[in-house]
Amino acid sequence: MSMLVVVFSMFVLAACGSSESSDGGLELKNDGEFNYIVSGEFPPFSSVDSNGELTGFDVAVGKAIADELGLKAVPEKFKFHGAVSAIKADRFDAAVASHTITEDRKQAVNFSEPYYYSGPVIFTRPDSDIKTKEDLKGKEVAVSKGSTYEKSAQDFTDQIKNYDSDATALRALSEGKHDAVITDAITGKQAIEKGFKIVEQEQLGTSEQAIAVKKEDKELLKAINKALKKLKDNGELEKISKEYIGADITKKPE
């Protein structure tokens with residue numbers, strides 16, 4: 001009987017060990033999968049294509065990380081303003097959703113090394129007299145709810161209109177609503193290419209975008225950073241950037 005107990009114990013330990021090694025010992029929502037959320041409303045970083053599939057830079061970066069970790073990529077669309085709370089509540093493994101690293105967000109989640117660099121820009125209609133941030137005083141500015149652009153707008157005006165996405169805010173501006181929109185330069189430029197009647201004005205600074213992970217998932221964060229480093233070193237991250245953005249935004253500006 002004693003021998004049977006020992007053998008059974010060894011079997012259980014071996015089984016646990018094999019399960020852990022299948023995903024490198026990472027604690028994941030589902031074994032063998034990398035479940036990550038994207039906005040789905042922030043082209044060219046993430047959007048839904050004509051087939052109902054998620055596509056864009058963030059989606060592709062998440063998949064590349066999953067491949068490096070030997071996991072199946074499972075992206076899901078999630079409202080941007082609730083993404084950090086969802087990660088904190090352990091509903092997903094990570095958010096690959098163009099989050100700017102801020103001190104407030106760092107209180108709730110941990111961030112990877114930056115995977116791209118950007119910055120907020122003022123967009124207006126072509127006939128606007130707004131050219132700089134000083135001109136925003138008392139003006140109505142539309143932003144994506146929960147974004148750092150909302151905080152940027154608060155520095156210049158108290159007339160702020162929130163939208164679920166940057167694209168809908170820009171569309172509203174193009175259609176004659178509001179005085180300006182503050183959003184990412186790349187998103188604004190793509191809207192212009194689509195025919196939105198808007199123009200780019202002053203850039204308000206630079207920012208670092210990173211992947212959000214639950215505070216307790218320290219091993220997953222290490223694995224993501226290791227994967228990102230490899231993707232940067234072998235040129236794959238730059239390749240993804242040029243495919244979806246048309247330029248390399250993965251290197252820190254001088």
# chains A, B, ... in the order shown; residues from 1 in each chain; ligands from 1
>>> residues_around(residues="Val38 of chain A", least_positions_apart="5", cutoff="8 Å", atoms="only C-alpha atoms", output="VMD selection string")
chain A and resid 46 58 to 59 75 to 78 80 95 to 97
>>> select_by_dssp(residues="segment 43-207 of chain A", states="strand (DSSP E)", output="mmCIF file with C-alpha atoms, in the first residue's frame")
data_model
loop_
_atom_site.group_PDB
_atom_site.id
_atom_site.type_symbol
_atom_site.label_atom_id
_atom_site.label_comp_id
_atom_site.auth_asym_id
_atom_site.auth_seq_id
_atom_site.Cartn_x
_atom_site.Cartn_y
_atom_site.Cartn_z
ATOM 1 C CA SER A 46 -7.021 47.606 -34.240
ATOM 2 C CA SER A 47 -10.298 47.378 -36.122
ATOM 3 C CA VAL A 48 -12.769 44.821 -37.460
ATOM 4 C CA LEU A 54 -9.867 41.728 -35.806
ATOM 5 C CA THR A 55 -6.936 43.255 -37.650
ATOM 6 C CA LYS A 72 -2.317 30.309 -29.586
ATOM 7 C CA ALA A 73 -3.210 33.969 -30.077
ATOM 8 C CA VAL A 74 -6.778 34.775 -28.973
ATOM 9 C CA PRO A 75 -7.516 38.496 -29.468
ATOM 10 C CA GLU A 76 -10.825 39.936 -28.257
ATOM 11 C CA LYS A 77 -12.478 43.302 -28.806
ATOM 12 C CA ALA A 94 -3.087 41.129 -21.239
ATOM 13 C CA ALA A 95 -4.176 44.245 -23.109
ATOM 14 C CA VAL A 96 -2.302 44.944 -26.341
ATOM 15 C CA ALA A 97 -4.339 48.084 -26.882
ATOM 16 C CA SER A 98 -1.985 51.025 -27.425
ATOM 17 C CA HIS A 99 -2.030 52.047 -23.764
ATOM 18 C CA THR A 100 0.177 55.012 -22.983
ATOM 19 C CA VAL A 109 -1.463 47.210 -13.755
ATOM 20 C CA ASN A 110 2.113 46.517 -14.782
ATOM 21 C CA PHE A 111 3.402 47.542 -18.196
ATOM 22 C CA TYR A 116 5.875 51.704 -30.015
ATOM 23 C CA TYR A 117 6.107 55.466 -29.554
ATOM 24 C CA SER A 118 3.588 58.122 -30.480
ATOM 25 C CA PRO A 120 -1.125 63.414 -28.998
ATOM 26 C CA VAL A 121 -1.947 65.833 -31.808
ATOM 27 C CA ILE A 122 -4.626 68.510 -32.221
ATOM 28 C CA PHE A 123 -6.896 67.958 -35.230
ATOM 29 C CA THR A 124 -9.373 70.541 -36.516
ATOM 30 C CA GLU A 140 -15.100 72.170 -27.337
ATOM 31 C CA VAL A 141 -12.700 69.252 -27.716
ATOM 32 C CA ALA A 142 -13.733 65.667 -28.472
ATOM 33 C CA VAL A 143 -11.662 62.710 -27.240
ATOM 34 C CA SER A 144 -11.810 58.970 -26.738
ATOM 35 C CA GLN A 159 -15.560 71.694 -22.593
ATOM 36 C CA ILE A 160 -14.815 68.050 -23.350
ATOM 37 C CA LYS A 161 -16.968 65.583 -25.269
ATOM 38 C CA ASN A 162 -16.298 61.859 -24.833
ATOM 39 C CA TYR A 163 -16.631 59.202 -27.533
ATOM 40 C CA ALA A 180 -11.128 69.997 -32.234
ATOM 41 C CA VAL A 181 -10.068 66.444 -31.462
ATOM 42 C CA ILE A 182 -6.944 65.344 -29.640
ATOM 43 C CA THR A 183 -5.770 61.901 -30.685
ATOM 44 C CA ASP A 184 -2.812 59.920 -31.975
ATOM 45 C CA VAL A 199 -6.233 68.766 -40.700
ATOM 46 C CA GLU A 200 -3.332 68.184 -38.338
ATOM 47 C CA GLN A 201 -2.252 71.038 -36.087
ATOM 48 C CA GLU A 202 0.178 71.086 -33.131
ATOM 49 C CA GLN A 203 1.679 67.929 -31.593
ATOM 50 C CA SER A 207 4.371 58.986 -25.399
#
>>> select_by_dssp(residues="segment 18-249 of chain A", states="alpha helix (DSSP H)", output="number ranges by chain")
A: 18-21, 57-69, 83-88, 103-106, 148-154, 166-174, 185-193, 218-233, 236-244
>>> residues_around(residues="segment 101-108 of chain A", least_positions_apart="4", cutoff="10 Å", atoms="only C-alpha atoms", output="ChimeraX atom specification")
/A:84-85,87-89,112-114,148,207-215
>>> write_last_selection(atoms="all heavy atoms", output="tab-separated table (two decimals), in the first residue's frame")
chain	number	residue	atom	x	y	z
A	84	VAL	N	-8.11	48.52	-18.72
A	84	VAL	CA	-7.23	48.40	-17.55
A	84	VAL	C	-7.97	47.71	-16.40
A	84	VAL	O	-7.41	46.83	-15.72
A	84	VAL	CB	-6.71	49.79	-17.11
A	84	VAL	CG1	-6.05	49.70	-15.73
A	84	VAL	CG2	-5.71	50.32	-18.13
A	85	SER	N	-9.21	48.07	-16.17
A	85	SER	CA	-10.00	47.44	-15.11
A	85	SER	C	-10.20	45.95	-15.39
A	85	SER	O	-10.16	45.12	-14.46
A	85	SER	CB	-11.37	48.12	-14.99
A	85	SER	OG	-11.22	49.46	-14.59
A	87	ILE	N	-8.15	43.95	-17.03
A	87	ILE	CA	-6.88	43.26	-16.76
A	87	ILE	C	-6.67	43.14	-15.25
A	87	ILE	O	-6.28	42.08	-14.74
A	87	ILE	CB	-5.70	44.00	-17.42
A	87	ILE	CG1	-5.84	43.98	-18.94
A	87	ILE	CG2	-4.37	43.38	-17.00
A	87	ILE	CD1	-5.95	42.61	-19.55
A	88	LYS	N	-6.93	44.19	-14.54
A	88	LYS	CA	-6.79	44.18	-13.08
A	88	LYS	C	-7.69	43.12	-12.45
A	88	LYS	O	-7.32	42.47	-11.47
A	88	LYS	CB	-7.13	45.56	-12.51
A	88	LYS	CG	-6.91	45.69	-11.02
A	88	LYS	CD	-7.23	47.09	-10.54
A	88	LYS	CE	-7.04	47.21	-9.03
A	88	LYS	NZ	-7.37	48.58	-8.55
A	89	ALA	N	-8.88	42.92	-13.03
A	89	ALA	CA	-9.84	41.94	-12.52
A	89	ALA	C	-9.54	40.53	-13.01
A	89	ALA	O	-10.31	39.61	-12.73
A	89	ALA	CB	-11.25	42.35	-12.91
A	112	SER	N	4.62	46.40	-19.91
A	112	SER	CA	5.81	45.86	-20.56
A	112	SER	C	6.72	47.01	-20.98
A	112	SER	O	6.39	48.18	-20.79
A	112	SER	CB	5.40	45.08	-21.82
A	112	SER	OG	4.91	45.99	-22.82
A	113	GLU	N	7.84	46.64	-21.58
A	113	GLU	CA	8.65	47.65	-22.24
A	113	GLU	C	7.82	48.23	-23.40
A	113	GLU	O	6.95	47.54	-23.95
A	113	GLU	CB	9.93	47.01	-22.79
A	113	GLU	CG	10.91	46.54	-21.72
A	113	GLU	CD	11.42	47.69	-20.87
A	113	GLU	OE1	11.82	48.73	-21.46
A	113	GLU	OE2	11.41	47.56	-19.64
A	114	PRO	N	8.03	49.48	-23.78
A	114	PRO	CA	7.24	50.06	-24.88
A	114	PRO	C	7.41	49.26	-26.17
A	114	PRO	O	8.51	48.79	-26.48
A	114	PRO	CB	7.83	51.46	-25.03
A	114	PRO	CG	8.44	51.76	-23.70
A	114	PRO	CD	8.97	50.46	-23.20
A	148	THR	N	-5.53	58.92	-22.62
A	148	THR	CA	-4.68	60.00	-22.12
A	148	THR	C	-4.98	61.30	-22.85
A	148	THR	O	-4.65	62.38	-22.35
A	148	THR	CB	-3.19	59.65	-22.31
A	148	THR	OG1	-2.94	59.31	-23.68
A	148	THR	CG2	-2.79	58.47	-21.43
A	207	SER	N	4.80	59.93	-26.42
A	207	SER	CA	4.37	58.99	-25.40
A	207	SER	C	4.88	57.59	-25.72
A	207	SER	O	5.25	57.28	-26.85
A	207	SER	CB	2.84	58.96	-25.31
A	207	SER	OG	2.28	58.61	-26.57
A	208	GLU	N	4.90	56.74	-24.68
A	208	GLU	CA	5.34	55.35	-24.83
A	208	GLU	C	4.13	54.44	-24.67
A	208	GLU	O	3.41	54.53	-23.68
A	208	GLU	CB	6.38	55.00	-23.76
A	208	GLU	CG	7.64	55.84	-23.83
A	208	GLU	CD	8.62	55.51	-22.72
A	208	GLU	OE1	8.15	55.04	-21.65
A	208	GLU	OE2	9.82	55.68	-22.92
A	209	GLN	N	3.91	53.57	-25.64
A	209	GLN	CA	2.78	52.64	-25.60
A	209	GLN	C	3.29	51.25	-25.21
A	209	GLN	O	4.32	50.78	-25.73
A	209	GLN	CB	2.07	52.57	-26.95
A	209	GLN	CG	0.99	53.62	-27.12
A	209	GLN	CD	1.50	55.04	-27.00
A	209	GLN	OE1	0.99	55.81	-26.20
A	209	GLN	NE2	2.50	55.40	-27.77
A	210	ALA	N	2.55	50.58	-24.31
A	210	ALA	CA	3.02	49.30	-23.80
A	210	ALA	C	1.85	48.35	-23.55
A	210	ALA	O	0.68	48.73	-23.63
A	210	ALA	CB	3.81	49.51	-22.52
A	211	ILE	N	2.19	47.12	-23.24
A	211	ILE	CA	1.21	46.06	-22.99
A	211	ILE	C	0.90	46.01	-21.49
A	211	ILE	O	1.82	46.00	-20.67
A	211	ILE	CB	1.74	44.71	-23.48
A	211	ILE	CG1	1.94	44.76	-25.00
A	211	ILE	CG2	0.81	43.56	-23.09
A	211	ILE	CD1	2.77	43.63	-25.55
A	212	ALA	N	-0.38	45.98	-21.15
A	212	ALA	CA	-0.81	45.96	-19.75
A	212	ALA	C	-1.03	44.52	-19.28
A	212	ALA	O	-1.66	43.72	-19.97
A	212	ALA	CB	-2.09	46.76	-19.58
A	213	VAL	N	-0.49	44.22	-18.08
A	213	VAL	CA	-0.59	42.88	-17.49
A	213	VAL	C	-0.97	43.03	-16.02
A	213	VAL	O	-0.57	44.01	-15.37
A	213	VAL	CB	0.75	42.12	-17.62
A	213	VAL	CG1	0.67	40.76	-16.94
A	213	VAL	CG2	1.13	41.95	-19.09
A	214	LYS	N	-1.71	42.08	-15.50
A	214	LYS	CA	-2.10	42.12	-14.08
A	214	LYS	C	-0.86	42.16	-13.19
A	214	LYS	O	0.15	41.52	-13.48
A	214	LYS	CB	-2.95	40.90	-13.74
A	214	LYS	CG	-3.64	40.97	-12.39
A	214	LYS	CD	-4.51	39.75	-12.13
A	214	LYS	CE	-3.65	38.53	-11.84
A	214	LYS	NZ	-4.44	37.41	-11.29
A	215	LYS	N	-0.94	42.90	-12.09
A	215	LYS	CA	0.19	43.09	-11.19
A	215	LYS	C	0.81	41.76	-10.76
A	215	LYS	O	2.04	41.63	-10.66
A	215	LYS	CB	-0.26	43.85	-9.93
A	215	LYS	CG	-0.51	45.33	-10.13
A	215	LYS	CD	0.78	46.10	-10.09
A	215	LYS	CE	0.54	47.60	-10.09
A	215	LYS	NZ	1.81	48.36	-10.11
